[in-house]
file protein34.pdb (PDB, C-alpha atoms)
ATOM      1  CA  MET R1307      -1.232  14.263   9.038
ATOM      2  CA  ARG R1308       1.227  15.545   6.463
ATOM      3  CA  GLU R1309       0.366  15.562   2.802
ATOM      4  CA  LEU R1310       2.460  13.007   0.936
ATOM      5  CA  PRO R1311       4.311  14.342  -2.124
ATOM      6  CA  GLY R1312       3.362  12.651  -5.373
ATOM      7  CA  ASN R1313       7.005  12.531  -6.543
ATOM      8  CA  ALA R1314       7.999  10.406  -3.559
ATOM      9  CA  ILE R1315       5.275   7.899  -4.373
ATOM     10  CA  ARG R1316       6.311   7.717  -8.021
ATOM     11  CA  GLU R1317       9.990   7.278  -7.071
ATOM     12  CA  ALA R1318       9.140   4.472  -4.675
ATOM     13  CA  ARG R1319       7.205   2.685  -7.389
ATOM     14  CA  ALA R1320      10.014   3.140  -9.900
ATOM     15  CA  ALA R1321      12.496   1.582  -7.475
ATOM     16  CA  ALA R1322      10.443  -1.592  -7.004
ATOM     17  CA  PRO R1323      12.369  -4.729  -8.063
ATOM     18  CA  VAL R1324      11.139  -6.980 -10.855
ATOM     19  CA  PRO R1325       9.087  -9.776  -9.238
ATOM     20  CA  THR R1326      10.653 -13.252  -9.274
ATOM     21  CA  SER R1327       7.653 -14.659 -11.151
ATOM     22  CA  HIS R1328       8.237 -12.153 -13.985
ATOM     23  CA  ARG R1329      11.906 -13.067 -14.269
ATOM     24  CA  ARG R1330      10.959 -16.744 -14.305
ATOM     25  CA  GLY R1331       8.440 -16.062 -17.073
ATOM     26  CA  PHE R1332      11.091 -14.466 -19.295
ATOM     27  CA  VAL R1333      13.455 -17.395 -18.652
ATOM     28  CA  VAL R1334      10.729 -19.901 -19.603
ATOM     29  CA  VAL R1335       9.841 -18.169 -22.887
ATOM     30  CA  THR R1336      13.498 -17.677 -23.811
ATOM     31  CA  VAL R1337      14.154 -21.400 -23.349
ATOM     32  CA  ALA R1338      10.978 -22.113 -25.339
ATOM     33  CA  ALA R1339      12.234 -19.861 -28.151
ATOM     34  CA  PHE R1340      15.449 -21.924 -28.424
ATOM     35  CA  VAL R1341      13.457 -25.158 -28.397
ATOM     36  CA  MET R1342      11.135 -23.876 -31.154
ATOM     37  CA  THR R1343      14.172 -22.745 -33.147
ATOM     38  CA  LEU R1344      15.947 -26.094 -32.945
ATOM     39  CA  ALA R1345      12.724 -27.979 -33.734
ATOM     40  CA  GLY R1346      11.828 -25.704 -36.658
ATOM     41  CA  ALA R1347       8.310 -25.675 -35.205
ATOM     42  CA  PHE R1348       5.252 -24.746 -37.318
ATOM     43  CA  GLY R1349       7.177 -24.796 -40.575
ATOM     44  CA  THR R1350       9.789 -22.212 -39.567
ATOM     45  CA  ASP R1351      12.613 -24.521 -40.673
ATOM     46  CA  ALA R1352      12.416 -22.709 -44.017
ATOM     47  CA  LEU R1353      14.450 -19.940 -42.339
ATOM     48  CA  GLY R1354      18.112 -20.122 -41.464
ATOM     49  CA  LEU R1355      19.056 -20.843 -37.873
ATOM     50  CA  LEU R1356      19.756 -17.254 -36.772
ATOM     51  CA  PRO R1357      16.719 -15.663 -38.495
ATOM     52  CA  ARG R1358      14.599 -18.474 -37.063
ATOM     53  CA  LEU R1359      15.931 -17.764 -33.580
ATOM     54  CA  GLY R1360      15.188 -14.050 -34.047
ATOM     55  CA  TYR R1361      11.653 -14.879 -35.188
ATOM     56  CA  TRP R1362      10.909 -17.003 -32.118
ATOM     57  CA  LEU R1363      12.576 -14.589 -29.690
ATOM     58  CA  VAL R1364      10.436 -11.689 -30.944
ATOM     59  CA  ILE R1365       7.252 -13.726 -30.591
ATOM     60  CA  MET R1366       8.097 -15.307 -27.239
ATOM     61  CA  GLU R1367       9.367 -12.132 -25.557
ATOM     62  CA  ALA R1368       6.327 -10.190 -26.807
ATOM     63  CA  GLY R1369       4.160 -12.967 -25.411
ATOM     64  CA  ALA R1370       5.951 -12.689 -22.072
ATOM     65  CA  MET R1371       5.259  -8.965 -21.836
ATOM     66  CA  ILE R1372       1.597  -9.437 -22.780
ATOM     67  CA  GLY R1373       1.439 -12.326 -20.317
ATOM     68  CA  ILE R1374       2.831 -10.304 -17.433
ATOM     69  CA  GLY R1375       0.204  -7.608 -17.903
ATOM     70  CA  THR R1376      -2.601 -10.148 -18.278
ATOM     71  CA  THR R1377      -1.513 -12.279 -15.313
ATOM     72  CA  THR R1378      -1.048  -9.256 -13.072
ATOM     73  CA  GLY R1379      -4.539  -8.003 -13.916
ATOM     74  CA  MET R1380      -6.162 -11.429 -13.495
ATOM     75  CA  ARG R1381      -4.538 -12.124 -10.146
ATOM     76  CA  GLY R1382      -5.204  -8.584  -8.961
ATOM     77  CA  TRP R1383      -8.901  -9.248  -9.637
ATOM     78  CA  GLY R1384      -8.659 -12.557  -7.795
ATOM     79  CA  GLY R1385     -12.036 -13.908  -8.876
ATOM     80  CA  LEU R1386     -10.543 -17.224 -10.058
ATOM     81  CA  ALA R1387      -7.764 -17.531  -7.461
ATOM     82  CA  HIS R1388      -9.414 -20.613  -5.943
ATOM     83  CA  ARG R1389      -9.596 -22.303  -9.378
ATOM     84  CA  PRO R1390      -6.026 -22.079 -10.711
ATOM     85  CA  TRP R1391      -6.565 -24.208 -13.829
ATOM     86  CA  ILE R1392      -9.579 -22.165 -14.916
ATOM     87  CA  GLU R1393      -7.587 -19.004 -14.151
ATOM     88  CA  GLY R1394      -4.704 -20.342 -16.239
ATOM     89  CA  ALA R1395      -7.018 -21.147 -19.158
ATOM     90  CA  ALA R1396      -8.521 -17.650 -19.032
ATOM     91  CA  ILE R1397      -5.046 -16.102 -18.968
ATOM     92  CA  SER R1398      -4.011 -18.205 -21.990
ATOM     93  CA  LEU R1399      -7.026 -17.013 -24.001
ATOM     94  CA  LEU R1400      -6.446 -13.358 -23.078
ATOM     95  CA  ILE R1401      -2.786 -13.609 -24.063
ATOM     96  CA  ALA R1402      -3.420 -15.506 -27.302
ATOM     97  CA  ALA R1403      -5.713 -12.869 -28.836
ATOM     98  CA  PRO R1404      -3.213  -9.944 -29.018
ATOM     99  CA  LEU R1405      -0.266 -12.294 -29.472
ATOM    100  CA  THR R1406      -1.882 -13.678 -32.632
ATOM    101  CA  LEU R1407      -1.622 -10.184 -34.131
ATOM    102  CA  VAL R1408       2.053 -10.053 -33.113
ATOM    103  CA  VAL R1409       2.652 -13.435 -34.759
ATOM    104  CA  LEU R1410       0.925 -12.343 -37.983
ATOM    105  CA  GLY R1411       3.015  -9.185 -38.165
ATOM    106  CA  THR R1412       6.276 -10.984 -37.328
ATOM    107  CA  THR R1413       5.536 -13.732 -39.865
ATOM    108  CA  ALA R1414       4.916 -11.117 -42.540
ATOM    109  CA  ALA R1415       8.213  -9.417 -41.689
ATOM    110  CA  PHE R1416      10.335 -12.605 -41.653
ATOM    111  CA  PHE R1417       8.604 -14.638 -44.356
ATOM    112  CA  GLY R1418       7.102 -11.919 -46.546
ATOM    113  CA  ALA R1419       3.694 -13.556 -46.177
ATOM    114  CA  ARG R1420       0.502 -11.795 -47.264
ATOM    115  CA  ALA R1421      -2.351 -11.067 -44.872
ATOM    116  CA  PRO R1422      -4.317 -14.305 -44.273
ATOM    117  CA  ASP R1423      -8.067 -14.736 -44.621
ATOM    118  CA  ILE R1424     -10.411 -15.430 -41.702
ATOM    119  CA  ALA R1425      -9.689 -19.167 -41.799
ATOM    120  CA  GLY R1426      -5.959 -18.468 -41.726
ATOM    121  CA  ILE R1427      -6.314 -16.098 -38.774
ATOM    122  CA  ALA R1428      -8.385 -18.696 -36.883
ATOM    123  CA  SER R1429      -5.766 -21.361 -37.598
ATOM    124  CA  MET R1430      -3.006 -19.055 -36.401
ATOM    125  CA  PHE R1431      -4.985 -18.262 -33.244
ATOM    126  CA  GLY R1432      -5.286 -21.983 -32.514
ATOM    127  CA  MET R1433      -1.537 -22.514 -32.834
ATOM    128  CA  VAL R1434      -0.763 -19.469 -30.684
ATOM    129  CA  LEU R1435      -3.251 -20.642 -28.053
ATOM    130  CA  ALA R1436      -1.605 -24.077 -27.963
ATOM    131  CA  VAL R1437       1.851 -22.591 -27.338
ATOM    132  CA  THR R1438       0.488 -20.050 -24.840
ATOM    133  CA  GLY R1439      -1.324 -22.791 -22.946
ATOM    134  CA  VAL R1440       1.868 -24.852 -22.618
ATOM    135  CA  VAL R1441       3.924 -21.872 -21.413
ATOM    136  CA  THR R1442       1.223 -20.822 -18.938
ATOM    137  CA  ALA R1443       1.009 -24.377 -17.587
ATOM    138  CA  ILE R1444       4.790 -24.457 -17.099
ATOM    139  CA  ASN R1445       4.669 -21.128 -15.251
ATOM    140  CA  TYR R1446       1.882 -22.378 -12.980
ATOM    141  CA  ALA R1447       3.637 -25.675 -12.326
ATOM    142  CA  THR R1448       6.904 -23.967 -11.350
ATOM    143  CA  ALA R1449       5.288 -21.137  -9.377
ATOM    144  CA  ARG R1450       2.938 -23.133  -7.139
ATOM    145  CA  PRO R1451       4.846 -25.291  -4.644
ATOM    146  CA  ALA R1452       3.208 -28.411  -3.214
ATOM    147  CA  LEU R1453       1.514 -28.010   0.117
ATOM    148  CA  PRO R1454       3.397 -29.406   3.124
ATOM    149  CA  VAL R1455       2.107 -32.696   4.494
ATOM    150  CA  ALA R1456       1.714 -31.418   8.019
ATOM    151  CA  PRO R1457       1.670 -27.592   8.095
ATOM    152  CA  ALA R1458       2.325 -25.945  11.408
ATOM    153  CA  ALA R1459      -0.684 -24.375  13.037
ATOM    154  CA  PRO R1460      -0.609 -20.557  12.653
ATOM    155  CA  PRO R1461      -0.345 -18.522  15.845
ATOM    156  CA  VAL R1462      -3.620 -17.247  17.241
ATOM    157  CA  PRO R1463      -3.736 -13.462  16.627
ATOM    158  CA  ASP R1464      -4.536 -11.155  19.481
ATOM    159  CA  SER R1465      -7.721  -9.113  19.424
ATOM    160  CA  SER R1466      -6.023  -6.125  17.763
ATOM    161  CA  GLN R1467      -4.913  -8.285  14.805
ATOM    162  CA  ARG R1468      -8.131 -10.193  14.164
ATOM    163  CA  ARG R1469      -9.912  -9.272  11.000
ATOM    164  CA  PRO R1470     -13.145  -7.301  11.517
ATOM    165  CA  ARG R1471     -16.499  -9.053  11.270
ATOM    166  CA  LEU R1472     -17.237  -7.091   8.103
ATOM    167  CA  ALA R1473     -14.481  -9.054   6.318
ATOM    168  CA  ASP R1474     -16.494 -12.258   6.708
ATOM    169  CA  ARG R1475     -19.000 -10.857   4.197
ATOM    170  CA  LEU R1476     -16.304 -10.771   1.498
ATOM    171  CA  PRO R1477     -15.212 -13.545  -0.896
ATOM    172  CA  ARG R1478     -12.557 -15.813   0.550
ATOM    173  CA  HIS R1479      -9.692 -14.252  -1.426
ATOM    174  CA  LEU R1480     -10.414 -10.792   0.034
ATOM    175  CA  ARG R1481     -11.126 -11.644   3.676
ATOM    176  CA  ASP R1482      -7.608 -11.242   5.041
ATOM    177  CA  ALA R1483      -6.828  -8.026   3.116
ATOM    178  CA  PRO R1484      -7.024  -4.763   5.105
ATOM    179  CA  ILE R1485     -10.240  -2.798   4.535
ATOM    180  CA  PHE R1486      -9.482   0.848   3.790
ATOM    181  CA  ALA R1487     -12.804   2.328   2.615
ATOM    182  CA  LEU R1488     -16.543   1.782   2.295
ATOM    183  CA  GLN R1489     -18.519   3.302  -0.589
ATOM    184  CA  ALA R1490     -22.313   3.357  -0.815
ATOM    185  CA  GLU R1491     -23.718   2.490  -4.258
ATOM    186  CA  ASP R1492     -27.530   2.624  -4.297
ATOM    187  CA  HIS R1493     -28.701  -0.179  -1.976
ATOM    188  CA  TYR R1494     -25.269  -1.815  -1.990
ATOM    189  CA  LEU R1495     -22.000  -1.122  -0.251
ATOM    190  CA  ARG R1496     -18.640  -1.472  -1.976
ATOM    191  CA  ILE R1497     -15.975  -2.663   0.437
ATOM    192  CA  HIS R1498     -12.512  -1.557  -0.720
ATOM    193  CA  THR R1499      -9.591  -3.746   0.390
ATOM    194  CA  GLU R1500      -5.924  -3.738  -0.539
ATOM    195  CA  ALA R1501      -6.574  -6.883  -2.627
ATOM    196  CA  GLY R1502      -9.626  -5.577  -4.512
ATOM    197  CA  SER R1503     -13.232  -4.573  -3.850
ATOM    198  CA  GLU R1504     -16.616  -6.271  -3.597
ATOM    199  CA  LEU R1505     -20.267  -5.186  -3.502
ATOM    200  CA  VAL R1506     -22.395  -6.423  -0.589
ATOM    201  CA  LEU R1507     -26.048  -5.789   0.145
ATOM    202  CA  MET R1508     -26.077  -3.743   3.356
ATOM    203  CA  ARG R1509     -26.230  -0.189   4.668
ATOM    204  CA  MET R1510     -23.294   1.985   5.643
ATOM    205  CA  GLY R1511     -24.689   2.438   9.152
ATOM    206  CA  ASP R1512     -24.749  -1.332   9.679
ATOM    207  CA  ALA R1513     -21.282  -1.891   8.214
ATOM    208  CA  ILE R1514     -19.267   0.626  10.256
ATOM    209  CA  PRO R1515     -19.898  -1.115  13.626
ATOM    210  CA  GLU R1516     -18.597  -4.345  12.079
ATOM    211  CA  LEU R1517     -15.209  -2.681  11.515
ATOM    212  CA  GLU R1518     -14.798  -3.029  15.312
ATOM    213  CA  GLY R1519     -12.894   0.077  16.266
ATOM    214  CA  GLN R1520     -10.750   0.596  13.168
ATOM    215  CA  GLU R1521      -9.766   4.261  13.117
ATOM    216  CA  GLY R1522     -11.647   6.076  10.397
ATOM    217  CA  ALA R1523     -14.536   8.440   9.698
ATOM    218  CA  ARG R1524     -17.402   9.262   7.363
ATOM    219  CA  THR R1525     -15.891  11.707   4.889
ATOM    220  CA  HIS R1526     -19.058  11.967   2.830
ATOM    221  CA  ARG R1527     -22.576  10.623   3.121
ATOM    222  CA  SER R1528     -21.510   7.827   0.734
ATOM    223  CA  TRP R1529     -17.976   7.214   2.047
ATOM    224  CA  TRP R1530     -16.148   5.935   5.121
ATOM    225  CA  VAL R1531     -12.320   6.027   5.032
ATOM    226  CA  ALA R1532      -9.661   4.452   7.258
ATOM    227  CA  ARG R1533      -7.393   7.230   8.467
ATOM    228  CA  GLY R1534      -4.199   5.238   7.970
ATOM    229  CA  ALA R1535      -5.032   4.524   4.308
ATOM    230  CA  ILE R1536      -4.643   8.111   3.063
ATOM    231  CA  ARG R1537      -1.843   8.442   0.509
ATOM    232  CA  ASP R1538      -2.426  11.999  -0.678
ATOM    233  CA  ILE R1539      -4.779  14.938  -0.022
ATOM    234  CA  ALA R1540      -6.090  17.543  -2.455
ATOM    235  CA  ARG R1541      -7.915  20.435  -0.734
ATOM    236  CA  ARG R1542     -10.096  23.006  -2.430
ATOM    237  CA  ASP R1543     -12.854  25.428  -1.437
ATOM    238  CA  GLY R1544     -13.895  23.830   1.860
ATOM    239  CA  ARG R1545     -13.762  20.307   0.437
ATOM    240  CA  ALA R1546     -11.063  17.706  -0.187
ATOM    241  CA  GLU R1547     -10.275  14.546  -2.100
ATOM    242  CA  LEU R1548      -8.346  11.705  -0.485
ATOM    243  CA  THR R1549      -6.175   9.379  -2.552
ATOM    244  CA  LEU R1550      -6.289   5.842  -1.177
ATOM    245  CA  PRO R1551      -4.499   2.590  -2.093
ATOM    246  CA  GLY R1552      -4.876   1.545  -5.716
ATOM    247  CA  GLY R1553      -5.615   5.116  -6.796
ATOM    248  CA  VAL R1554      -9.108   5.112  -5.258
ATOM    249  CA  ILE R1555     -10.349   8.689  -4.720
ATOM    250  CA  ALA R1556     -12.680   9.409  -1.782
ATOM    251  CA  PRO R1557     -14.415  12.808  -1.534
ATOM    252  CA  VAL R1558     -14.656  14.889   1.628
ATOM    253  CA  SER R1559     -17.887  16.867   1.760
ATOM    254  CA  ARG R1560     -18.233  20.457   2.974
ATOM    255  CA  SER R1561     -20.139  19.258   6.040
ATOM    256  CA  ALA R1562     -17.521  16.669   7.019
ATOM    257  CA  TYR R1563     -14.476  18.820   6.260
ATOM    258  CA  PRO R1564     -14.449  21.010   9.426
ATOM    259  CA  GLU R1565     -14.705  18.055  11.804
ATOM    260  CA  LEU R1566     -11.973  16.116  10.037
ATOM    261  CA  ARG R1567      -9.774  19.226   9.846
ATOM    262  CA  ASP R1568     -10.152  19.809  13.577
ATOM    263  CA  ALA R1569      -9.291  16.157  14.205
ATOM    264  CA  GLY R1570      -5.977  16.649  12.396
ATOM    265  CA  TRP R1571      -6.680  14.689   9.239
ATOM    266  CA  PHE R1572      -5.334  17.411   6.929
ATOM    267  CA  GLY R1573      -2.213  18.587   8.673
TER     268      GLY R1573
END

call {"tool": "encode", "arguments": {"input": "protein34.pdb", "output": "structure tokens"}}
result
Amino acid sequence: MRELPGNAIREARAAAPVPTSHRRGFVVVTVAAFVMTLAGAFGTDALGLLPRLGYWLVIMEAGAMIGIGTTTGMRGWGGLAHRPWIEGAAISLLIAAPLTLVVLGTTAAFFGARAPDIAGIASMFGMVLAVTGVVTAINYATARPALPVAPAAPPVPDSSQRRPRLADRLPRHLRDAPIFALQAEDHYLRIHTEAGSELVLMRMGDAIPELEGQEGARTHRSWWVARGAIRDIARRDGRAELTLPGGVIAPVSRSAYPELRDAGWFG
């Protein structure tokens, strides 16, 4: 296996298009900024039309950027994927906290207001949370299409495509994601998938047979790695480190290195 150059990986990431959901989010907040401007919401009608529009655009676009980071992190975790309204509420709270600071700073810049006291900050947080909740609800409503009345039955996968038995030990949102590594942590085993990881109570020796023939090997007494998951290799002094999806680093011990080298894992 050839070592993959880090520059190629970075270039591929840089070339990735902006997701549709992100573009939709910016459209939603831009429309909201115009609505807030025309309505003179929250007492902003004291400003002229153009300064008022600038005020709301700064706040809404900053909120969109904070929201993209928060939403990406929350959905990458996936712990609330099966409860979308709770997930949406959590996202709104996480966005509202830093956005409140943005609003305070923008209000000071446009209105010349002094720093508020604790009660004023709490009041501002409540208003920001209300707006954030509405925008988040709109994003969820437009991003989640209704389920079809009679969905077609999915094709039955052949034996080579069926998920391994080990996947059935994972939470529902991780079960169909490819497993690329196992990591022993005390009496638990962390199962790394391309959609996230989860701790399960079992031994490495019991877990590997449940991968049902997936090509991989023990690289360390605490690690098993799928051969096809390796993104980069760093070799040093009879040992190695393997970079896996999501930036996970798996060590290769001195004892495992010769066998893996002879099997062609490193070149």

call {"tool": "residues_around", "arguments": {"input": "protein34.pdb", "residues": "segment 1480-1487 of chain R", "least_positions_apart": "6", "cutoff": "6 Å", "atoms": "only C-alpha atoms", "output": "list in words"}}
result
Ala1473, His1498, Thr1499, Glu1500, Ala1501, Trp1530, Val1531, Ala1532 and Ala1535 of chain R

call {"tool": "residues_around", "arguments": {"input": "protein34.pdb", "residues": "Ala1436 of chain R", "least_positions_apart": "3", "cutoff": "12 Å", "atoms": "only C-alpha atoms", "output": "MDAnalysis selection string"}}
result
chainID R and resid 1348 1395 1398:1399 1401:1403 1405:1406 1429:1433 1439:1443

call {"tool": "resolve_selection", "arguments": {"input": "protein34.pdb", "expression": "the PyMOL selection byres ((chain R and resi 1517) around 12)", "output": "number ranges by chain"}}
result
R: 1466, 1468-1475, 1484-1488, 1497, 1510-1516, 1518-1523, 1530-1532

call {"tool": "residues_around", "arguments": {"input": "protein34.pdb", "residues": "Ser1559 of chain R", "least_positions_apart": "4", "cutoff": "8 Å", "atoms": "all atoms listed in the file", "output": "list in words"}}
result
Thr1525, His1526, Arg1527, Arg1545, Ala1546 and Tyr1563 of chain R

call {"tool": "write_last_selection", "arguments": {"input": "protein34.pdb", "atoms": "C-alpha atoms", "output": "PDB file, in the frame of the given file"}}
result
ATOM      1  CA  THR R1525     -15.891  11.707   4.889  1.00  0.00           C
ATOM      2  CA  HIS R1526     -19.058  11.967   2.830  1.00  0.00           C
ATOM      3  CA  ARG R1527     -22.576  10.623   3.121  1.00  0.00           C
ATOM      4  CA  ARG R1545     -13.762  20.307   0.437  1.00  0.00           C
ATOM      5  CA  ALA R1546     -11.063  17.706  -0.187  1.00  0.00           C
ATOM      6  CA  TYR R1563     -14.476  18.820   6.260  1.00  0.00           C
TER       7      TYR R1563
END

call {"tool": "residues_around", "arguments": {"input": "protein34.pdb", "residues": "segment 1408-1416 of chain R", "least_positions_apart": "6", "cutoff": "9 Å", "atoms": "all atoms listed in the file", "output": "ChimeraX atom specification"}}
result
/R:1353,1357-1358,1361,1364-1365,1368-1369,1422,1427,1430,1434

call {"tool": "write_last_selection", "arguments": {"input": "protein34.pdb", "atoms": "C-alpha atoms", "output": "CSV table (one decimal), in the frame of the given file"}}
result
chain,number,residue,atom,x,y,z
R,1353,LEU,CA,14.4,-19.9,-42.3
R,1357,PRO,CA,16.7,-15.7,-38.5
R,1358,ARG,CA,14.6,-18.5,-37.1
R,1361,TYR,CA,11.7,-14.9,-35.2
R,1364,VAL,CA,10.4,-11.7,-30.9
R,1365,ILE,CA,7.3,-13.7,-30.6
R,1368,ALA,CA,6.3,-10.2,-26.8
R,1369,GLY,CA,4.2,-13.0,-25.4
R,1422,PRO,CA,-4.3,-14.3,-44.3
R,1427,ILE,CA,-6.3,-16.1,-38.8
R,1430,MET,CA,-3.0,-19.1,-36.4
R,1434,VAL,CA,-0.8,-19.5,-30.7

call {"tool": "resolve_selection", "arguments": {"input": "protein34.pdb", "expression": "the PyMOL selection byres ((chain R and resi 1341) around 12)", "output": "list in words"}}
result
Val1334, Val1335, Thr1336, Val1337, Ala1338, Ala1339, Phe1340, Met1342, Thr1343, Leu1344, Ala1345, Gly1346, Ala1347, Leu1355, Arg1358, Leu1359, Trp1362, Leu1363, Met1366 and Val1437 of chain R

call {"tool": "closest_residue", "arguments": {"input": "protein34.pdb", "among": "R:Arg1541, R:Pro1557, R:Leu1476, R:Gly1379", "to": "Gln1489 of chain R", "atoms": "only C-alpha atoms"}}
result
R:Pro1557

call {"tool": "closest_residue", "arguments": {"input": "protein34.pdb", "among": "R:Phe1572, R:Asp1351, R:Gly1552, R:Leu1505", "to": "Phe1417 of chain R", "atoms": "only C-alpha atoms"}}
result
R:Asp1351

call {"tool": "atom_distance", "arguments": {"input": "protein34.pdb", "atom1": "atom CA of Asp1568 of chain R", "atom2": "atom CA of Gly1534 of chain R"}}
result
16.7 Å

call {"tool": "atom_distance", "arguments": {"input": "protein34.pdb", "atom1": "atom CA of Tyr1494 of chain R", "atom2": "atom CA of Met1380 of chain R"}}
result
24.3 Å

call {"tool": "resolve_selection", "arguments": {"input": "protein34.pdb", "expression": "the PyMOL selection byres ((chain R and resi 1537-1540) around 7)", "output": "compact mmCIF listing (two decimals) with C-alpha atoms, in the frame of the given file"}}
result
# COMPACT_ATOMS: atom_id res chain seq x y z
CA GLU R 1309 0.37 15.56 2.80
CA LEU R 1310 2.46 13.01 0.94
CA ALA R 1535 -5.03 4.52 4.31
CA ILE R 1536 -4.64 8.11 3.06
CA ARG R 1541 -7.92 20.43 -0.73
CA ARG R 1542 -10.10 23.01 -2.43
CA ALA R 1546 -11.06 17.71 -0.19
CA GLU R 1547 -10.28 14.55 -2.10
CA LEU R 1548 -8.35 11.70 -0.48
CA THR R 1549 -6.18 9.38 -2.55
CA LEU R 1550 -6.29 5.84 -1.18
CA PRO R 1551 -4.50 2.59 -2.09

call {"tool": "atom_distance", "arguments": {"input": "protein34.pdb", "atom1": "atom CA of Gly1502 of chain R", "atom2": "atom CA of Trp1391 of chain R"}}
result
21.1 Å

call {"tool": "closest_residue", "arguments": {"input": "protein34.pdb", "among": "R:Arg1524, R:Arg1420, R:Val1333, R:Glu1491", "to": "Met1508 of chain R", "atoms": "all atoms listed in the file"}}
result
R:Glu1491
